[in-house]
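Structure file start_3.cif with mmCIF, C-alpha atoms:
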data_model
loop_
_atom_site.label_atom_id
_atom_site.label_comp_id
_atom_site.auth_asym_id
_atom_site.auth_seq_id
_atom_site.Cartn_x
_atom_site.Cartn_y
_atom_site.Cartn_z
CA MET A 251 -15.66 -32.06 -40.76
CA ALA A 252 -16.03 -29.27 -38.21
CA MET A 253 -14.38 -28.90 -34.81
CA THR A 254 -16.28 -30.08 -31.75
CA SER A 255 -15.92 -29.94 -27.99
CA ALA A 256 -13.90 -32.40 -25.92
CA GLY A 257 -15.64 -35.72 -25.35
CA TRP A 258 -17.65 -35.55 -28.57
CA ARG A 259 -16.98 -36.50 -32.19
CA TRP A 260 -18.56 -35.96 -35.60
CA GLU A 261 -20.15 -38.77 -37.60
CA THR A 262 -20.77 -38.31 -41.34
CA TYR A 263 -23.27 -40.14 -43.52
CA GLY A 264 -25.08 -39.42 -46.78
CA GLY A 265 -24.45 -35.67 -46.83
CA ILE A 266 -25.09 -34.91 -43.15
CA GLU A 267 -22.92 -34.73 -40.05
CA VAL A 268 -23.93 -35.13 -36.41
CA GLN A 269 -22.12 -35.12 -33.06
CA VAL A 270 -22.16 -38.03 -30.61
CA PRO A 271 -20.27 -38.73 -27.37
CA ASP A 272 -16.77 -40.13 -27.94
CA GLY A 273 -17.57 -43.28 -25.98
CA TRP A 274 -20.32 -44.46 -28.33
CA GLY A 275 -19.48 -47.48 -30.46
CA TYR A 276 -20.83 -48.67 -33.80
CA GLY A 277 -23.69 -50.87 -34.88
CA ILE A 278 -26.45 -51.23 -37.46
CA THR A 279 -29.52 -49.09 -38.03
CA GLN A 280 -32.87 -50.81 -37.36
CA TRP A 281 -31.20 -53.58 -35.31
CA PRO A 282 -34.08 -55.81 -34.13
CA PRO A 283 -35.00 -55.02 -30.50
CA CYS A 284 -35.61 -58.66 -29.55
CA ILE A 285 -32.07 -59.93 -30.16
CA GLU A 286 -28.84 -59.22 -28.32
CA GLN A 287 -27.97 -55.55 -28.30
CA PRO A 288 -24.52 -53.90 -28.52
CA PRO A 289 -22.91 -53.62 -25.07
CA ARG A 290 -22.68 -49.83 -25.16
CA PRO A 291 -24.35 -46.86 -26.83
CA TYR A 292 -23.76 -46.91 -30.58
CA VAL A 293 -24.05 -45.15 -33.92
CA GLY A 294 -25.95 -47.28 -36.43
CA ARG A 295 -25.55 -47.20 -40.20
CA PRO A 296 -27.70 -49.21 -42.64
CA GLY A 297 -26.43 -52.76 -43.03
CA MET A 298 -27.37 -56.43 -43.02
CA ILE A 299 -29.78 -57.27 -40.20
CA PRO A 300 -31.19 -60.67 -39.18
CA LEU A 301 -34.61 -61.60 -40.52
CA VAL A 302 -36.23 -61.54 -37.09
CA HIS A 303 -39.83 -60.67 -36.24
CA CYS A 304 -40.14 -59.05 -32.80
CA GLY A 305 -43.90 -58.94 -32.56
CA GLN A 306 -45.07 -55.77 -30.81
CA MET A 307 -41.67 -54.98 -29.31
CA GLU A 308 -40.55 -51.46 -30.29
CA VAL A 309 -37.40 -51.11 -28.17
CA PRO A 310 -35.18 -53.66 -26.38
CA PRO A 311 -36.08 -54.70 -22.83
CA LEU A 312 -34.92 -52.24 -20.20
CA ASN A 313 -32.16 -54.52 -18.87
CA SER A 314 -30.47 -54.68 -22.28
CA ARG A 315 -31.36 -51.25 -23.65
CA VAL A 316 -28.61 -48.81 -24.66
CA PRO A 317 -28.83 -45.37 -26.27
CA TYR A 318 -28.28 -45.18 -30.01
CA LEU A 319 -28.20 -42.90 -33.01
CA TRP A 320 -29.57 -44.51 -36.16
CA LEU A 321 -28.45 -42.87 -39.40
CA ASP A 322 -30.88 -43.23 -42.31
CA SER A 323 -33.44 -44.89 -40.03
CA ARG A 324 -36.30 -44.58 -42.58
CA LEU A 325 -38.65 -43.65 -39.72
CA ASP A 326 -41.18 -40.81 -39.73
CA ALA A 327 -40.25 -37.62 -37.89
CA GLY A 328 -41.54 -37.33 -34.34
CA ASP A 329 -41.36 -38.74 -30.81
CA HIS A 330 -42.15 -42.20 -29.45
CA THR A 331 -42.11 -42.36 -25.65
CA HIS A 332 -41.33 -45.64 -23.88
CA ASP A 333 -41.05 -46.82 -20.28
CA CYS A 334 -38.80 -45.20 -17.64
CA GLY A 335 -38.40 -41.98 -19.59
CA TRP A 336 -36.81 -43.48 -22.69
CA THR A 337 -37.76 -41.59 -25.83
CA GLN A 338 -37.07 -42.29 -29.49
CA HIS A 339 -36.96 -39.08 -31.50
CA THR A 340 -36.60 -38.85 -35.30
CA ARG A 341 -35.74 -35.82 -37.40
CA ILE A 342 -35.20 -35.43 -41.14
CA ILE A 343 -31.98 -33.56 -41.97
CA GLY A 344 -30.93 -33.03 -45.58
CA GLY A 345 -33.33 -35.77 -46.66
CA ILE A 346 -31.81 -38.30 -44.21
CA SER A 347 -33.83 -39.54 -41.23
CA ILE A 348 -31.86 -39.70 -37.99
CA THR A 349 -33.24 -41.36 -34.86
CA VAL A 350 -31.97 -41.08 -31.29
CA LEU A 351 -33.10 -43.33 -28.43
CA ASP A 352 -32.10 -42.20 -24.93
CA ALA A 353 -33.54 -41.55 -21.48
CA ASP A 354 -31.47 -38.38 -21.13
CA ALA A 355 -33.41 -35.55 -22.77
CA THR A 356 -30.45 -33.15 -22.59
CA LEU A 357 -28.11 -35.54 -24.39
CA ARG A 358 -30.77 -36.48 -26.91
CA THR A 359 -31.40 -32.83 -27.71
CA ARG A 360 -27.71 -32.06 -28.09
CA VAL A 361 -27.20 -34.91 -30.56
CA LEU A 362 -30.24 -33.99 -32.64
CA GLU A 363 -29.57 -30.26 -32.68
CA SER A 364 -26.01 -30.80 -33.88
CA ALA A 365 -27.18 -32.58 -37.05
CA ARG A 366 -26.80 -30.57 -40.25
CA PRO A 367 -26.04 -30.93 -43.94
CA VAL A 368 -22.30 -31.17 -44.39
CA LEU A 369 -20.43 -28.89 -46.75
CA ASP A 370 -18.73 -30.75 -49.61
CA ASP A 371 -15.53 -31.95 -47.97
CA THR A 372 -12.44 -31.37 -50.09
CA ASP A 373 -11.13 -34.85 -49.26
CA CYS A 374 -14.51 -36.59 -49.47
CA PRO A 375 -16.61 -34.82 -52.11
CA ALA A 376 -20.09 -36.06 -52.92
CA TYR A 377 -18.83 -37.12 -56.34
CA HIS A 378 -15.54 -38.99 -56.57
CA ALA A 379 -14.04 -40.78 -59.56
CA ILE A 380 -13.71 -44.03 -57.58
CA THR A 381 -17.45 -44.54 -58.06
CA ASP A 382 -16.96 -44.65 -61.86
CA GLY A 383 -15.66 -48.22 -61.88
CA PRO A 384 -12.72 -50.53 -61.16
CA THR A 385 -10.48 -49.19 -63.93
CA THR A 386 -10.34 -45.70 -62.41
CA ARG A 387 -7.01 -44.98 -60.72
CA PRO A 388 -5.67 -42.09 -58.62
CA ALA A 389 -3.27 -39.56 -60.08
CA ALA A 390 0.15 -41.04 -59.29
CA GLY A 391 2.10 -37.86 -58.64
CA HIS A 392 5.81 -38.57 -58.21
CA HIS A 393 6.17 -42.31 -57.42
CA GLY A 394 2.82 -42.56 -55.60
CA LEU A 395 3.03 -43.05 -51.84
CA THR A 396 6.81 -43.34 -51.84
CA GLY A 397 7.19 -39.74 -53.01
CA ILE A 398 5.16 -37.84 -50.40
CA GLY A 399 7.89 -37.33 -47.76
CA ALA A 400 7.13 -37.94 -44.08
CA VAL A 401 3.49 -38.89 -43.44
CA GLU A 402 1.50 -36.26 -41.52
CA SER A 403 -2.13 -37.47 -41.70
CA VAL A 404 -4.60 -39.72 -43.52
CA THR A 405 -8.24 -38.93 -44.29
CA ILE A 406 -10.39 -42.04 -44.79
CA CYS A 407 -13.58 -41.73 -46.82
CA ARG A 408 -15.96 -44.61 -47.55
CA TYR A 409 -18.12 -44.46 -50.68
CA ALA A 410 -21.16 -46.47 -51.75
CA PHE A 411 -21.78 -47.29 -55.42
CA GLY A 412 -23.25 -49.95 -57.71
CA ASP A 413 -26.35 -51.86 -56.63
CA ARG A 414 -26.08 -51.16 -52.91
CA PRO A 415 -29.57 -51.37 -51.33
CA ALA A 416 -31.15 -48.13 -50.05
CA GLN A 417 -28.16 -46.07 -51.15
CA PRO A 418 -28.38 -42.42 -50.04
CA ALA A 419 -28.29 -39.69 -52.67
CA ASN A 420 -24.90 -38.62 -51.32
CA PRO A 421 -22.64 -41.72 -51.46
CA VAL A 422 -20.31 -40.71 -48.60
CA LEU A 423 -21.00 -43.36 -45.94
CA SER A 424 -18.36 -42.37 -43.38
CA LEU A 425 -15.37 -40.08 -42.90
CA SER A 426 -12.53 -40.01 -40.39
CA ARG A 427 -9.02 -38.63 -40.04
CA ILE A 428 -5.93 -40.00 -38.30
CA GLY A 429 -2.52 -38.51 -37.66
CA GLY A 430 0.70 -39.13 -35.77
CA ASP A 431 1.99 -42.67 -35.34
CA ALA A 432 -1.31 -44.21 -36.46
CA SER A 433 -1.11 -42.55 -39.89
CA ARG A 434 2.56 -43.43 -40.33
CA GLN A 435 1.99 -47.07 -39.35
CA LEU A 436 -0.92 -47.35 -41.77
CA VAL A 437 1.11 -46.06 -44.70
CA GLN A 438 4.02 -48.32 -43.78
CA ALA A 439 1.66 -51.31 -43.77
CA ILE A 440 0.31 -50.39 -47.22
CA LEU A 441 3.81 -49.99 -48.65
CA ALA A 442 4.80 -53.36 -47.16
CA ALA A 443 1.96 -55.17 -48.97
CA PRO A 444 2.97 -57.35 -51.95
CA GLU A 445 2.49 -55.87 -55.39
CA GLY A 446 -0.50 -57.07 -57.40
CA SER A 447 -4.21 -57.53 -56.75
CA GLY A 448 -6.10 -59.75 -54.34
CA PRO A 449 -7.23 -61.75 -52.63
CA ASN A 450 -9.69 -62.20 -55.50
CA THR A 451 -12.39 -64.84 -56.06
CA PRO A 452 -14.01 -63.83 -59.37
CA GLY A 453 -15.83 -67.15 -59.62
CA ASN A 454 -17.94 -66.28 -56.58
CA CYS A 455 -19.80 -63.26 -58.02
CA ALA A 456 -22.25 -62.51 -60.80
CA PRO A 457 -20.96 -59.86 -63.26
CA HIS A 458 -23.08 -57.06 -61.77
CA THR A 459 -21.67 -57.64 -58.25
CA MET A 460 -18.08 -58.43 -59.29
CA TYR A 461 -16.62 -55.16 -58.02
CA GLY A 462 -18.69 -54.71 -54.88
CA ASP A 463 -20.77 -51.83 -53.58
CA GLU A 464 -18.31 -49.74 -51.56
CA ALA A 465 -14.68 -48.66 -51.47
CA LEU A 466 -12.35 -46.34 -49.55
CA VAL A 467 -10.43 -43.29 -50.69
CA LEU A 468 -7.42 -42.37 -48.55
CA THR A 469 -5.98 -38.87 -48.78
CA VAL A 470 -2.44 -39.16 -47.44
CA ARG A 471 -0.73 -35.88 -46.58
CA GLY A 472 3.04 -35.79 -46.43
CA THR A 473 5.71 -33.15 -45.95
CA THR A 474 6.34 -33.09 -49.72
CA ARG A 475 2.86 -33.53 -51.21
CA THR A 476 -0.53 -35.26 -50.91
CA GLN A 477 -1.42 -38.61 -52.50
CA GLU A 478 -4.73 -40.43 -52.91
CA VAL A 479 -4.95 -44.19 -52.43
CA PHE A 480 -7.96 -46.24 -53.59
CA VAL A 481 -8.86 -49.30 -51.50
CA ARG A 482 -11.16 -51.91 -53.09
CA TYR A 483 -12.32 -54.84 -51.01
CA SER A 484 -16.09 -55.36 -51.26
CA GLY A 485 -16.58 -57.48 -54.38
CA CYS A 486 -14.88 -60.54 -55.81
CA ASP A 487 -12.23 -59.00 -58.08
CA ALA A 488 -9.82 -56.04 -58.38
CA HIS A 489 -9.16 -55.95 -54.62
CA GLY A 490 -6.18 -54.05 -53.30
CA PHE A 491 -4.49 -50.73 -52.61
CA ASP A 492 -3.78 -48.42 -55.56
CA ASP A 493 -1.79 -45.19 -55.33
CA GLY A 494 -1.86 -44.66 -59.10
CA HIS A 495 1.75 -45.81 -59.38
CA THR A 496 1.65 -49.30 -57.82
CA ARG A 497 -1.15 -51.76 -57.06
CA ARG A 498 -0.73 -53.79 -53.88
CA ARG A 499 -2.63 -56.71 -52.40
CA LEU A 500 -4.83 -56.36 -49.34
CA THR A 501 -3.13 -57.47 -46.13
CA ALA A 502 -4.41 -57.87 -42.59
CA ASP A 503 -2.00 -55.27 -41.18
CA ALA A 504 -3.15 -52.58 -43.62
CA LEU A 505 -6.85 -53.47 -43.87
CA ARG A 506 -7.77 -53.95 -40.19
CA PRO A 507 -7.22 -50.32 -39.12
CA LEU A 508 -9.18 -49.11 -42.14
CA LEU A 509 -12.30 -51.28 -41.92
CA SER A 510 -13.07 -50.46 -38.30
CA GLY A 511 -15.05 -47.86 -36.37
CA PRO A 512 -17.33 -45.92 -38.74
CA HIS A 513 -15.91 -47.77 -41.76
CA GLN A 514 -16.99 -51.29 -40.77
CA PRO A 515 -18.50 -52.99 -43.84
CA GLN A 516 -22.10 -53.81 -43.05
CA HIS A 517 -23.14 -55.71 -46.17
CA GLY A 518 -20.81 -58.71 -45.96
CA LEU A 519 -17.45 -59.50 -47.55
CA GLN A 520 -16.08 -62.42 -49.51
CA ARG A 521 -14.54 -65.00 -47.18
CA THR A 522 -10.95 -64.41 -48.30
CA VAL A 523 -11.22 -60.71 -47.45
CA ALA A 524 -13.23 -61.24 -44.26
CA GLU A 525 -10.51 -63.56 -42.98
CA LEU A 526 -8.01 -60.69 -43.10
CA LEU A 527 -10.13 -58.83 -40.54
CA GLN A 528 -10.23 -61.66 -38.04
CA PRO A 529 -8.36 -61.04 -34.76
CA ARG A 530 -4.95 -62.64 -34.48
CA THR A 531 -4.91 -65.80 -32.40
#
Written as structure tokens, how would this file's structure read?
Amino acid sequence: MAMTSAGWRWETYGGIEVQVPDGWGYGITQWPPCIEQPPRPYVGRPGMIPLVHCGQMEVPPLNSRVPYLWLDSRLDAGDHTHDCGWTQHTRIIGGISITVLDADATLRTRVLESARPVLDDTDCPAYHAITDGPTTRPAAGHHGLTGIGAVESVTICRYAFGDRPAQPANPVLSLSRIGGDASRQLVQAILAAPEGSGPNTPGNCAPHTMYGDEALVLTVRGTTRTQEVFVRYSGCDAHGFDDGHTRRRLTADALRPLLSGPHQPQHGLQRTVAELLQPRT
């Protein structure tokens, strides 16, 4: 992930990266224009969308319209001009269609011209062993996470696998990095999770969907060494954190900061896992 100017950030998906303003949120690609829109500009990734027919409506009404970047939009390259100067522009980058809707031509151009194929990231390579199946574990190093020294940073990489619909050729769905107190608190929350696996509901899934269609790989850098952690959460079985030395159950404190922002699951989760992501009351 390359450096960018203040006020902008990189978003990664399917082998490309593109810059967007820092204030943009997250949503779903191809969100129907006739239902409630996100409250602010957003980056959309493919996910579950309502089965809604909007007739001839191509964009949301002006009073509820916000700019967006749709990743893997599946639209043809070119421009579609709408009322009040709003334009939807689609380009194909590295085999992935990206679509920007905005009334600001300068901003729209900057977003589109920043898009490019991403070099194979050392923390999030296009092929990772986690996609081989639920029995694959990280190399444990010396005592897993407990042997890395003081935490310096965590890279979070989300991978697609299995029978995920419309999966891109490059399975990297999103990438982010955190440091400072946020990275230390995350690792502390993982280490505080009970040993074992879960929450699991194997009776809720057919065999071919038992282990889900996505997972996270965390690359945790410490003052002594670096350790990978696998996070499985998207199926019905084998859920948990795994540093190659110890398996731990998913907990709300450790899972919430991971499955947020660009890493929000957009194909649904089993109820027992989804409940961990609910806000505290």
Worksheet item: What does the PyMOL selection byres ((chain A and resi 461-466) around 7) select in this file, as a PyMOL selection string?
Response: chain A and resi 384+406-414+459-460+467-468+480-488
Worksheet item: Between A:Gln280, A:Gln477, A:Asn450, A:Thr496, which is the closest to Arg521 of chain A once you count all atoms listed in the file?
Response: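 The shortest atom-to-atom distance to Arg521 of chain A comes from A:Asn450.
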Practice prompt. Name every residue that the PyMOL selection byres ((chain A and resi 515-520) around 6) selects in this structure, writing the answer as a list in words with chains first and numbers rising.
Written response: Gly297, Met298, Ser484, Gln514, Arg521, Thr522, Val523 and Ala524 of chain A
Worksheet item: atom CA of Ser364 of chain A and atom CA of His339 of chain A, how far apart in Å?
Response: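 Atom-to-atom, atom CA of His339 of chain A to atom CA of Ser364 of chain A, that is 13.9 Å.
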Discussion item. Calculated over only C-alpha atoms, which of the candidates A:Ala439, A:Asn454, A:Arg358, A:Thr386 has the smallest distance to Leu508 of chain A?
Written reply: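 Of all the options, A:Ala439 lies closest to Leu508 of chain A.
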Worksheet entry | Residue nearest Gly490 of chain A among A:Val404, A:Ala443, A:Val293, A:Val361 (counting only C-alpha atoms) | A:Ala443
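Here atom CA of Ala504 of chain A is placed at a distance of 7.9 Å from atom CA of Val437 of chain A.
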Fill in: Ref. answer, residues at most 10 Å from (-30.6, -36.7, -39.4) with all atoms listed in the file, as a VMD selection string
chain A and resid 263 to 268 319 to 323 327 340 to 350 361 to 367
Worksheet item: atom CA of Ile440 of chain A to atom CA of Glu261 of chain A: how many Å, to one decimal?
Response: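 Taking atom CA of Ile440 of chain A and atom CA of Glu261 of chain A, their separation equals 25.4 Å.
You can rank A:Thr405, A:Arg497, A:Gly511, A:Arg530 by their closest distance to Trp274 of chain A using all atoms listed in the file, and at the top of that list sits A:Gly511.
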